[in-house]
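K.L.:
Next comes upload_4.txt, compact mmCIF, C-alpha atoms:
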```
# COMPACT_ATOMS: atom_id res chain seq x y z
CA MET A 76 0.00 0.00 0.00
CA ASP A 77 1.78 3.16 -1.18
CA GLU A 78 -0.92 5.73 -0.47
CA PHE A 79 -1.20 7.30 2.94
CA ASP A 80 -4.61 6.85 4.47
CA ASP A 81 -5.81 8.46 7.70
CA ASN A 82 -4.52 5.61 9.84
CA GLU A 83 -1.11 5.70 8.28
CA ILE A 84 -0.89 9.46 8.65
CA GLY A 85 -1.82 9.04 12.27
CA ARG A 86 0.86 6.42 12.78
CA LEU A 87 3.49 8.55 11.03
CA LEU A 88 2.61 11.58 13.12
CA ARG A 89 2.71 9.59 16.33
CA LEU A 90 6.35 8.86 15.53
CA LYS A 91 7.05 12.54 16.06
CA LYS A 92 6.88 11.92 19.78
CA TYR A 93 10.36 10.45 19.40
CA GLU A 94 11.70 13.89 18.55
CA GLN A 95 13.17 14.77 21.90
CA PRO A 96 15.16 17.75 23.23
CA PRO A 97 18.81 17.27 24.21
CA PRO A 98 19.49 15.02 27.20
CA GLY A 99 19.13 16.83 30.51
CA TYR A 100 16.84 19.48 29.05
CA PHE A 101 13.86 18.62 31.24
CA GLU A 102 16.04 18.28 34.33
CA ASN A 103 17.46 21.78 33.80
CA PHE A 104 14.19 23.37 32.79
CA LEU A 105 13.03 24.09 36.35
CA HIS A 106 16.39 25.63 37.25
CA GLU A 107 16.20 27.83 34.16
CA PHE A 108 12.63 28.76 35.06
CA HIS A 109 13.69 29.92 38.54
CA ARG A 110 16.58 31.90 37.07
CA ARG A 111 14.29 33.71 34.63
CA GLN A 112 11.77 34.45 37.36
CA ARG A 113 14.49 36.02 39.49
CA ASP A 114 15.75 38.09 36.55
CA GLU A 115 12.25 39.27 35.80
CA LEU A 116 11.73 40.23 39.43
CA LEU A 117 14.94 42.25 39.49
CA ARG A 118 13.95 44.13 36.36
CA GLN A 119 10.63 45.22 37.85
CA PRO A 120 10.33 48.71 39.31
CA LEU A 121 10.10 48.95 43.08
CA TRP A 122 6.49 50.15 43.13
CA LYS A 123 5.40 47.14 41.12
CA ILE A 124 7.09 44.75 43.52
CA ALA A 125 5.49 46.57 46.46
CA LEU A 126 2.09 46.40 44.80
CA GLY A 127 2.51 42.69 44.20
CA ARG A 128 3.55 42.12 47.81
CA ALA A 129 0.53 44.09 49.02
CA GLN A 130 -1.76 42.03 46.82
CA ASP A 131 -0.19 38.83 48.11
CA PHE A 132 -0.65 40.03 51.67
CA MET A 133 -4.31 40.82 51.07
CA MET A 134 -4.85 37.46 49.45
CA SER A 135 -3.11 35.68 52.32
CA LEU A 136 -5.56 37.32 54.72
CA ASN A 137 -8.32 35.71 52.72
CA VAL A 138 -9.98 39.02 52.10
CA ALA A 139 -11.07 38.22 48.62
CA ARG A 140 -14.60 38.96 49.68
CA LEU A 141 -13.46 42.40 50.71
CA ALA A 142 -12.25 43.08 47.22
CA SER A 143 -15.49 44.92 46.56
CA TYR A 144 -14.88 47.29 49.48
CA PRO A 145 -12.39 49.49 47.66
CA VAL A 146 -14.87 49.78 44.82
CA ALA A 147 -17.67 50.67 47.22
CA ALA A 148 -15.48 53.17 49.05
CA THR A 149 -14.49 54.78 45.77
CA ALA A 150 -18.13 55.01 44.74
CA VAL A 151 -19.07 56.65 48.04
CA MET A 152 -16.23 59.13 47.71
CA LEU A 153 -17.25 59.94 44.16
CA CYS A 154 -20.85 60.51 45.25
CA ALA A 155 -19.70 62.73 48.09
CA ALA A 156 -17.52 64.72 45.72
CA VAL A 157 -20.37 65.20 43.26
CA ILE A 158 -22.81 66.25 45.99
CA SER A 159 -20.36 68.70 47.52
CA LEU A 160 -19.67 70.21 44.12
CA LYS A 161 -23.40 70.68 43.58
CA VAL A 162 -23.77 72.33 46.97
CA TYR A 163 -20.95 74.75 46.39
CA GLN A 164 -22.10 75.61 42.91
CA SER A 165 -25.75 76.30 43.86
CA PRO A 166 -26.82 80.00 43.71
CA THR A 167 -25.96 81.78 46.91
CA THR A 168 -28.38 83.95 48.81
CA PRO A 169 -27.89 87.57 47.82
CA THR A 170 -26.23 89.62 50.49
CA VAL A 171 -26.84 93.02 49.08
CA ALA A 172 -29.59 95.32 50.17
CA ARG A 173 -32.40 96.13 47.91
CA LEU A 174 -31.92 99.32 46.06
CA ALA A 175 -34.21 102.10 47.00
CA PRO A 176 -35.78 103.98 44.17
CA ILE A 177 -33.72 106.96 43.20
CA VAL A 178 -36.68 109.16 42.45
CA PRO A 179 -39.25 109.54 45.19
CA ALA A 180 -42.48 108.18 43.99
CA GLN A 181 -44.71 110.17 46.20
CA SER A 182 -44.42 113.18 48.31
CA ALA A 183 -45.75 113.23 51.82
CA ASN A 184 -47.99 116.13 51.36
CA ASP A 185 -49.12 115.37 47.83
CA GLY A 186 -48.63 118.89 47.01
CA GLY A 187 -45.66 118.47 44.94
CA TRP A 188 -42.36 120.05 45.56
CA SER A 189 -41.99 123.06 47.69
CA LEU A 190 -38.98 124.77 49.05
CA ALA A 191 -40.46 124.57 52.50
CA THR A 192 -40.25 120.92 52.60
CA PRO A 193 -36.89 119.84 53.79
CA VAL A 194 -35.37 117.11 51.85
CA SER A 195 -34.41 115.24 54.91
CA THR A 196 -37.99 114.86 56.00
CA ARG A 197 -39.17 113.41 52.79
CA ILE A 198 -40.48 110.00 53.23
CA THR A 199 -39.92 107.75 50.35
CA VAL A 200 -41.76 104.62 49.75
CA SER A 201 -39.99 102.00 47.93
CA GLN A 202 -41.96 100.41 45.23
CA PRO A 203 -41.23 97.01 43.99
CA ARG A 204 -39.88 97.07 40.54
CA SER A 205 -41.62 94.09 39.29
CA HIS A 206 -40.38 94.53 35.77
CA LEU A 207 -36.92 93.64 36.93
CA SER A 208 -37.49 90.02 37.42
CA THR A 209 -34.34 88.51 38.74
CA HIS A 210 -33.80 85.88 41.37
CA ARG A 211 -33.24 88.68 43.81
CA ALA A 212 -36.80 89.92 43.51
CA ALA A 213 -38.14 87.25 45.81
CA THR A 214 -35.72 87.89 48.58
CA PRO A 215 -36.77 90.01 51.54
CA THR A 216 -35.54 93.50 51.89
CA ARG A 217 -32.27 93.76 53.67
CA TYR A 218 -30.29 96.62 54.93
CA VAL A 219 -26.62 96.98 54.92
CA LEU A 220 -25.24 98.07 58.23
CA ASP A 221 -21.82 99.42 58.80
CA SER A 222 -19.52 97.00 60.36
CA MET A 223 -18.98 99.38 63.26
CA PRO A 224 -21.82 101.35 64.87
CA VAL A 225 -21.54 105.09 64.59
CA SER A 226 -21.49 105.47 68.34
CA TYR A 227 -18.31 103.49 68.50
CA GLU A 228 -16.51 105.66 66.06
CA SER A 229 -13.80 107.61 67.62
CA SER A 230 -14.08 111.32 67.78
CA LEU A 231 -12.26 113.53 65.44
CA ARG A 232 -8.62 113.09 65.38
CA PHE A 233 -6.13 115.68 64.46
CA MET B 203 -7.84 11.99 32.31
CA ASP B 204 -7.83 9.84 35.37
CA GLN B 205 -9.27 10.97 38.68
CA PRO B 206 -6.08 10.65 40.79
CA ARG B 207 -4.24 12.95 38.42
CA ILE B 208 -6.93 15.62 38.75
CA ASP B 209 -6.99 15.30 42.53
CA GLU B 210 -3.24 15.56 42.71
CA ASP B 211 -3.26 18.62 40.47
CA GLN B 212 -6.01 20.22 42.54
CA GLN B 213 -3.99 19.76 45.69
CA LEU B 214 -0.89 21.23 44.08
CA VAL B 215 -2.88 24.17 42.73
CA ALA B 216 -4.44 24.82 46.14
CA ARG B 217 -1.03 24.71 47.78
CA THR B 218 0.36 27.09 45.17
CA GLN B 219 -2.52 29.46 45.77
CA ASP B 220 -1.66 29.36 49.46
CA GLY B 221 1.85 30.53 48.61
CA ASP B 222 3.71 27.22 48.38
CA ALA B 223 6.04 27.82 45.41
CA GLY B 224 7.35 24.28 45.71
CA ALA B 225 3.93 22.94 44.76
CA PHE B 226 4.06 24.91 41.54
CA ASP B 227 7.53 23.50 40.86
CA GLN B 228 5.97 20.04 41.00
CA LEU B 229 3.38 21.09 38.43
CA VAL B 230 6.16 22.47 36.21
CA VAL B 231 8.14 19.26 36.41
CA LYS B 232 5.04 17.20 35.73
CA TYR B 233 3.77 19.14 32.71
CA THR B 234 7.00 20.25 31.04
CA PRO B 235 7.53 17.15 28.82
CA ARG B 236 3.92 17.11 27.67
CA LEU B 237 3.69 20.82 26.97
CA TYR B 238 7.09 20.75 25.32
CA GLY B 239 5.71 18.23 22.82
CA LEU B 240 2.66 20.36 22.20
CA VAL B 241 4.56 23.59 21.58
CA TYR B 242 7.44 21.96 19.72
CA ASN B 243 5.15 20.22 17.24
CA MET B 244 3.36 23.50 16.62
CA THR B 245 6.53 25.53 16.08
CA SER B 246 9.07 22.98 14.74
CA ASN B 247 11.75 24.97 16.50
CA HIS B 248 13.49 23.96 19.72
CA GLU B 249 14.65 27.44 20.79
CA ASP B 250 11.24 29.01 20.22
CA THR B 251 9.69 26.15 22.15
CA ASN B 252 12.01 26.68 25.08
CA ASP B 253 11.28 30.42 25.28
CA LEU B 254 7.56 29.89 24.89
CA LEU B 255 7.47 27.22 27.55
CA GLN B 256 9.20 29.52 30.03
CA ASP B 257 6.68 32.26 29.24
CA ILE B 258 3.78 29.82 29.56
CA PHE B 259 4.76 28.68 33.05
CA SER B 260 5.52 32.24 34.07
CA LYS B 261 2.08 33.35 32.97
CA ALA B 262 0.47 30.35 34.65
CA TYR B 263 2.22 31.17 37.93
CA LYS B 264 1.05 34.77 37.81
CA SER B 265 -2.51 33.77 36.96
CA ILE B 266 -2.92 30.77 39.21
CA ARG B 267 -4.48 32.79 42.03
CA GLY B 268 -7.33 33.52 39.67
CA PHE B 269 -7.75 29.85 38.74
CA ARG B 270 -11.08 28.83 40.26
CA GLY B 271 -11.11 25.22 39.10
CA LYS B 272 -13.96 25.54 36.61
CA SER B 273 -11.85 23.33 34.35
CA SER B 274 -9.07 20.97 35.34
CA PHE B 275 -5.54 22.34 35.66
CA TYR B 276 -4.63 20.07 32.76
CA THR B 277 -7.14 21.80 30.47
CA TRP B 278 -6.26 25.24 31.83
CA ILE B 279 -2.50 24.94 31.30
CA HIS B 280 -3.01 23.43 27.85
CA SER B 281 -5.31 26.32 26.90
CA ILE B 282 -2.68 28.84 27.97
CA SER B 283 -0.05 26.94 25.99
CA VAL B 284 -2.08 26.71 22.79
CA ASN B 285 -3.21 30.34 22.92
CA MET B 286 0.26 31.68 23.60
CA THR B 287 1.76 29.50 20.88
CA LEU B 288 -0.87 30.59 18.35
CA ASN B 289 -0.18 34.24 19.22
CA PHE B 290 3.53 33.65 18.83
CA LEU B 291 3.06 31.96 15.45
CA LYS B 292 0.97 34.87 14.21
CA LYS B 293 3.79 37.25 15.10
CA ARG B 294 6.47 34.99 13.68
CA GLY B 295 4.72 34.69 10.34
CA ARG B 296 6.14 32.59 7.58
CA ARG B 297 9.75 33.57 8.05
CA PHE B 298 11.29 30.96 10.25
CA HIS B 299 13.65 28.04 10.12
CA MET B 300 13.10 24.59 11.48
CA SER B 301 15.26 23.64 14.43
CA LEU B 302 14.41 20.02 14.99
CA ASP B 303 15.21 17.83 17.91
CA ASP B 304 16.99 14.56 17.38
CA VAL B 305 14.88 11.48 16.89
CA ASP B 306 15.25 9.20 19.85
CA ALA B 307 16.80 5.85 19.06
CA GLY B 308 13.87 4.16 20.72
CA ILE B 309 11.86 4.68 17.54
CA GLN B 310 13.61 1.69 15.99
CA ASN B 311 11.85 -0.57 18.43
CA ASP B 312 8.47 1.12 18.18
CA LYS B 313 5.77 -1.24 17.00
CA GLU B 314 4.08 1.40 14.90
CA PHE B 315 7.34 2.42 13.28
CA LEU B 316 8.02 -1.18 12.32
CA GLU B 317 4.52 -1.47 10.87
CA VAL B 318 4.88 1.74 8.87
CA THR B 319 8.23 0.74 7.47
CA GLN B 320 6.87 -2.65 6.51
CA THR B 321 3.72 -1.42 4.79
CA SER B 322 4.84 1.86 3.25
CA SER B 323 7.55 1.75 0.63
CA PRO B 324 8.38 5.51 0.78
CA VAL B 325 8.97 5.29 4.51
CA ARG B 326 10.96 2.11 4.05
CA GLU B 327 13.19 3.75 1.47
CA ALA B 328 13.73 7.04 3.28
CA ASP B 329 16.11 7.36 6.17
CA LEU B 330 14.88 8.61 9.54
CA SER B 331 16.05 12.21 9.20
CA GLU B 332 14.43 12.47 5.78
CA LEU B 333 11.19 11.11 7.17
CA GLN B 334 11.36 13.60 10.03
CA ARG B 335 12.00 16.51 7.68
CA ARG B 336 9.10 15.52 5.43
CA LEU B 337 6.71 15.16 8.30
CA ASN B 338 7.65 18.52 9.78
CA GLU B 339 7.42 20.25 6.42
CA ALA B 340 3.99 18.80 5.88
CA MET B 341 2.92 19.92 9.35
CA MET B 342 4.20 23.43 8.80
CA LYS B 343 2.15 23.72 5.63
CA LEU B 344 -1.01 23.44 7.69
CA SER B 345 -2.59 26.52 9.20
CA ASP B 346 -1.69 27.16 12.83
CA GLU B 347 -5.16 26.16 14.06
CA HIS B 348 -5.15 22.92 12.05
CA ARG B 349 -1.67 22.08 13.25
CA ALA B 350 -2.78 22.55 16.83
CA VAL B 351 -5.60 20.05 16.37
CA VAL B 352 -3.37 17.54 14.57
CA THR B 353 -0.71 17.83 17.27
CA MET B 354 -3.15 17.27 20.10
CA PHE B 355 -5.04 14.43 18.41
CA HIS B 356 -2.45 12.45 16.48
CA ILE B 357 0.75 13.16 18.39
CA GLN B 358 -0.48 13.68 21.94
CA GLY B 359 -3.40 11.29 21.68
CA MET B 360 -6.04 13.59 23.20
CA PRO B 361 -9.71 12.82 22.66
CA HIS B 362 -11.90 15.21 20.66
CA ALA B 363 -13.77 16.32 23.77
CA GLU B 364 -10.59 17.38 25.54
CA ILE B 365 -9.34 19.27 22.48
CA SER B 366 -12.65 21.09 22.17
CA LYS B 367 -12.38 22.22 25.81
CA ILE B 368 -8.81 23.42 25.35
CA LEU B 369 -9.59 25.33 22.17
CA ASN B 370 -13.00 26.43 23.42
CA VAL B 371 -14.69 25.24 20.22
CA SER B 372 -17.28 22.55 19.59
CA GLU B 373 -16.33 18.92 19.07
CA GLY B 374 -17.76 19.24 15.56
CA THR B 375 -15.27 21.99 14.83
CA VAL B 376 -12.45 19.81 16.12
CA ARG B 377 -13.53 16.90 13.90
CA SER B 378 -13.93 19.18 10.90
CA ARG B 379 -10.48 20.70 11.37
CA LEU B 380 -8.99 17.26 11.79
CA PHE B 381 -10.65 15.96 8.63
CA TYR B 382 -9.46 18.93 6.60
CA ALA B 383 -5.94 18.71 8.03
CA ASN B 384 -5.73 14.99 7.23
CA ARG B 385 -6.69 15.66 3.62
CA GLN B 386 -4.00 18.30 3.35
CA LEU B 387 -1.40 16.07 4.94
CA GLN B 388 -2.33 13.30 2.51
CA ASN B 389 -1.67 15.65 -0.39
CA TYR B 390 1.65 16.84 0.99
CA LEU B 391 2.84 13.38 1.88
CA ASP B 392 1.72 12.05 -1.49
CA GLU B 393 4.66 13.92 -2.97
CA PHE B 394 6.83 12.05 -0.52
CA ARG B 395 5.29 8.80 -1.79
CA LYS B 396 6.10 9.69 -5.38
CA ASP B 397 9.60 10.93 -4.67
CA PRO B 398 10.78 9.48 -1.33
CA VAL B 399 14.49 10.29 -1.42
CA THR B 400 14.98 13.78 -2.81
```
Rewrite the structure of this file - the entire thing - as structure tokens.
P.N.:
Amino acid sequence: MDEFDDNEIGRLLRLKKYEQPPPGYFENFLHEFHRRQRDELLRQPLWKIALGRAQDFMMSLNVARLASYPVAATAVMLCAAVISLKVYQSPTTPTVARLAPIVPAQSANDGGWSLATPVSTRITVSQPRSHLSTHRAATPTRYVLDSMPVSYESSLRF
Amino acid sequence: MDQPRIDEDQQLVARTQDGDAGAFDQLVVKYTPRLYGLVYNMTSNHEDTNDLLQDIFSKAYKSIRGFRGKSSFYTWIHSISVNMTLNFLKKRGRRFHMSLDDVDAGIQNDKEFLEVTQTSSPVREADLSELQRRLNEAMMKLSDEHRAVVTMFHIQGMPHAEISKILNVSEGTVRSRLFYANRQLQNYLDEFRKDPVT
């Protein structure tokens, strides 16, 4: 039979198992493996070795179940960061006093202007300027006080 | 695969995972000859095989903590070997030279060798080194994936089911690849039949 059938191909290929590495190869393989591992370890940067040691330590403590804790902690920190950002970026309450109208809307005596009426006694009524619709419109009227009461101001100095 | 072998491997894996490097050494010693055959017959180059085998065990050692025993260690380490060898062959491309190991003298007493030399005139007429060269050339003409299947089935004697687990393909795919590879090998070796001693 000169043609190779499947069985014969199989038998021929099985003979390839007789192709063997040089004598002593398998005996030295483990030694060579250890040597390469050491070389590889020496080439690694220090931080990588430290990280590996830390991982080994965690694994030795059998804290595989705790592996999700760093993820959870990170998620909590992220949420906290987002919330705090939102808080700090929210519109702040206005701290300025409401502007009084520059022009008096109404005179006290309805009689219009007269020289007899001292300016200081004019009572002005502030009118809401509803056409200026800003977020400040809803806030209550506030007054700005000096940081130091007048009575505490020192007398004239020369 | 026999049960004691799996149990023994499981124990060694568990010990390795607990930090016993000596247990992994035992796995290396145990699997080196078998994996050498697998990688060597896929690469046809001793030096490449040696480097690959070192990388395979190195990778296995680094990954063994993540090995959860869903498959046997035998299947797992063979999968790593085949995948790494296939990746290497893709990078190596077609430019390579064969660096073949010597044929052990024990072949002369092998029953199958005697049968082949008795029934096949080309094999009878060719000397051993010529036969080895022809076989390796024929193997290297196969695609990498087909060569992997042929190596595991014909040379290493693995069943289809085991090969399908290692390659993560169906048994049908394994059988199909094997059938196609056999046809190709028949064609390549037919030239050897016509002209046995070139």
K.L.:
Please determine the contact residues of chain A with respect to chain B at a cut-off of 8 Å, counting all atoms listed in the file, and supply them as a list in words.
P.N.:
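Filtering chain A at 8 Å from chain B with all atoms listed in the file gives Met76, Asp77, Glu78, Phe79, Asp80, Asp81, Glu83, Ile84, Gly85, Arg86, Leu87, Leu88, Arg89, Leu90, Lys91, Lys92, Tyr93, Glu94, Gln95, Pro96, Pro97, Phe101, Leu105, Phe108, Gln112 and Ser135 of chain A.
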K.L.:
Could you please determine the separation between atom CA of B:Gln212 and atom CA of B:Gly224 in Å, to one decimal place?
P.N.:
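Atom CA of B:Gln212 sits 14.3 Å away from atom CA of B:Gly224.
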K.L.:
What is the atom CA of B:Ala223-atom CA of B:Glu249 distance in Å, reported with one decimal?
P.N.:
26.1 Å
K.L.:
I'd like the interatomic distance between atom CA of B:Val284 and atom CA of A:Asn82, to a tenth of an Å.
P.N.:
24.9 Å
K.L.:
Within 12 Å of (5.3, 38.5, 44.5) in the file's own coordinates, which protein, DNA or RNA residues have an atom, counting all atoms listed in the file? List them as a PyMOL selection string.
P.N.:
(chain A and resi 112-113+115-117+119+121-135) or (chain B and resi 221+223+263-265+267)
K.L.:
From the options B:Met244, B:Met360, B:Met354, B:Ala340, which residue's atoms come nearest to B:Lys292, counting all atoms listed in the file?
P.N.:
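Closest candidate: B:Met244.
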K.L.:
Some atoms are absent from stretch 291-311 of chain B, so rebuild N, CA, C and O atoms and return them as an mmCIF file, keeping the file's coordinate frame.
P.N.:
```
data_model
loop_
_atom_site.group_PDB
_atom_site.id
_atom_site.type_symbol
_atom_site.label_atom_id
_atom_site.label_comp_id
_atom_site.auth_asym_id
_atom_site.auth_seq_id
_atom_site.Cartn_x
_atom_site.Cartn_y
_atom_site.Cartn_z
ATOM 1 N N LEU B 291 2.954 32.336 16.872
ATOM 2 C CA LEU B 291 3.060 31.960 15.450
ATOM 3 C C LEU B 291 2.519 33.061 14.537
ATOM 4 O O LEU B 291 3.046 33.265 13.443
ATOM 5 N N LYS B 292 1.498 33.752 15.001
ATOM 6 C CA LYS B 292 0.970 34.870 14.210
ATOM 7 C C LYS B 292 2.035 35.957 14.058
ATOM 8 O O LYS B 292 2.198 36.536 12.994
ATOM 9 N N LYS B 293 2.738 36.218 15.153
ATOM 10 C CA LYS B 293 3.790 37.250 15.100
ATOM 11 C C LYS B 293 4.975 36.778 14.274
ATOM 12 O O LYS B 293 5.591 37.557 13.559
ATOM 13 N N ARG B 294 5.294 35.499 14.392
ATOM 14 C CA ARG B 294 6.470 34.990 13.680
ATOM 15 C C ARG B 294 6.246 34.971 12.178
ATOM 16 O O ARG B 294 7.179 35.200 11.399
ATOM 17 N N GLY B 295 5.031 34.713 11.768
ATOM 18 C CA GLY B 295 4.720 34.690 10.340
ATOM 19 C C GLY B 295 5.360 33.511 9.645
ATOM 20 O O GLY B 295 5.646 32.480 10.260
ATOM 21 N N ARG B 296 5.618 33.700 8.394
ATOM 22 C CA ARG B 296 6.140 32.590 7.580
ATOM 23 C C ARG B 296 7.661 32.502 7.599
ATOM 24 O O ARG B 296 8.235 31.534 7.110
ATOM 25 N N ARG B 297 8.298 33.572 8.082
ATOM 26 C CA ARG B 297 9.750 33.570 8.050
ATOM 27 C C ARG B 297 10.300 32.880 9.301
ATOM 28 O O ARG B 297 10.297 33.428 10.385
ATOM 29 N N PHE B 298 10.702 31.696 9.138
ATOM 30 C CA PHE B 298 11.290 30.960 10.250
ATOM 31 C C PHE B 298 12.113 29.813 9.681
ATOM 32 O O PHE B 298 12.014 29.487 8.498
ATOM 33 N N HIS B 299 12.922 29.239 10.536
ATOM 34 C CA HIS B 299 13.650 28.040 10.120
ATOM 35 C C HIS B 299 13.346 26.937 11.122
ATOM 36 O O HIS B 299 13.103 27.204 12.303
ATOM 37 N N MET B 300 13.357 25.729 10.596
ATOM 38 C CA MET B 300 13.100 24.590 11.480
ATOM 39 C C MET B 300 14.355 24.288 12.293
ATOM 40 O O MET B 300 15.463 24.308 11.764
ATOM 41 N N SER B 301 14.162 24.053 13.568
ATOM 42 C CA SER B 301 15.260 23.640 14.430
ATOM 43 C C SER B 301 14.774 22.397 15.163
ATOM 44 O O SER B 301 14.131 22.475 16.209
ATOM 45 N N LEU B 302 15.051 21.261 14.526
ATOM 46 C CA LEU B 302 14.410 20.020 14.990
ATOM 47 C C LEU B 302 15.251 19.295 16.022
ATOM 48 O O LEU B 302 16.490 19.326 15.984
ATOM 49 N N ASP B 303 14.537 18.674 16.923
ATOM 50 C CA ASP B 303 15.210 17.830 17.910
ATOM 51 C C ASP B 303 15.613 16.508 17.260
ATOM 52 O O ASP B 303 15.055 16.108 16.228
ATOM 53 N N ASP B 304 16.570 15.865 17.882
ATOM 54 C CA ASP B 304 16.990 14.560 17.380
ATOM 55 C C ASP B 304 15.898 13.525 17.621
ATOM 56 O O ASP B 304 15.151 13.614 18.602
ATOM 57 N N VAL B 305 15.839 12.575 16.711
ATOM 58 C CA VAL B 305 14.880 11.480 16.890
ATOM 59 C C VAL B 305 15.492 10.452 17.836
ATOM 60 O O VAL B 305 16.627 10.006 17.632
ATOM 61 N N ASP B 306 14.752 10.145 18.855
ATOM 62 C CA ASP B 306 15.250 9.200 19.850
ATOM 63 C C ASP B 306 15.440 7.819 19.218
ATOM 64 O O ASP B 306 14.625 7.378 18.384
ATOM 65 N N ALA B 307 16.492 7.159 19.642
ATOM 66 C CA ALA B 307 16.800 5.850 19.060
ATOM 67 C C ALA B 307 15.727 4.812 19.352
ATOM 68 O O ALA B 307 15.614 3.802 18.648
ATOM 69 N N GLY B 308 14.929 5.090 20.338
ATOM 70 C CA GLY B 308 13.870 4.160 20.720
ATOM 71 C C GLY B 308 12.848 3.920 19.613
ATOM 72 O O GLY B 308 12.100 2.940 19.653
ATOM 73 N N ILE B 309 12.827 4.821 18.636
ATOM 74 C CA ILE B 309 11.860 4.680 17.540
ATOM 75 C C ILE B 309 12.063 3.361 16.780
ATOM 76 O O ILE B 309 11.110 2.778 16.249
ATOM 77 N N GLN B 310 13.304 2.904 16.745
ATOM 78 C CA GLN B 310 13.610 1.690 15.990
ATOM 79 C C GLN B 310 12.876 0.466 16.538
ATOM 80 O O GLN B 310 12.641 -0.503 15.809
ATOM 81 N N ASN B 311 12.542 0.561 17.811
ATOM 82 C CA ASN B 311 11.850 -0.570 18.430
ATOM 83 C C ASN B 311 10.340 -0.346 18.541
ATOM 84 O O ASN B 311 9.636 -1.194 19.098
#
```
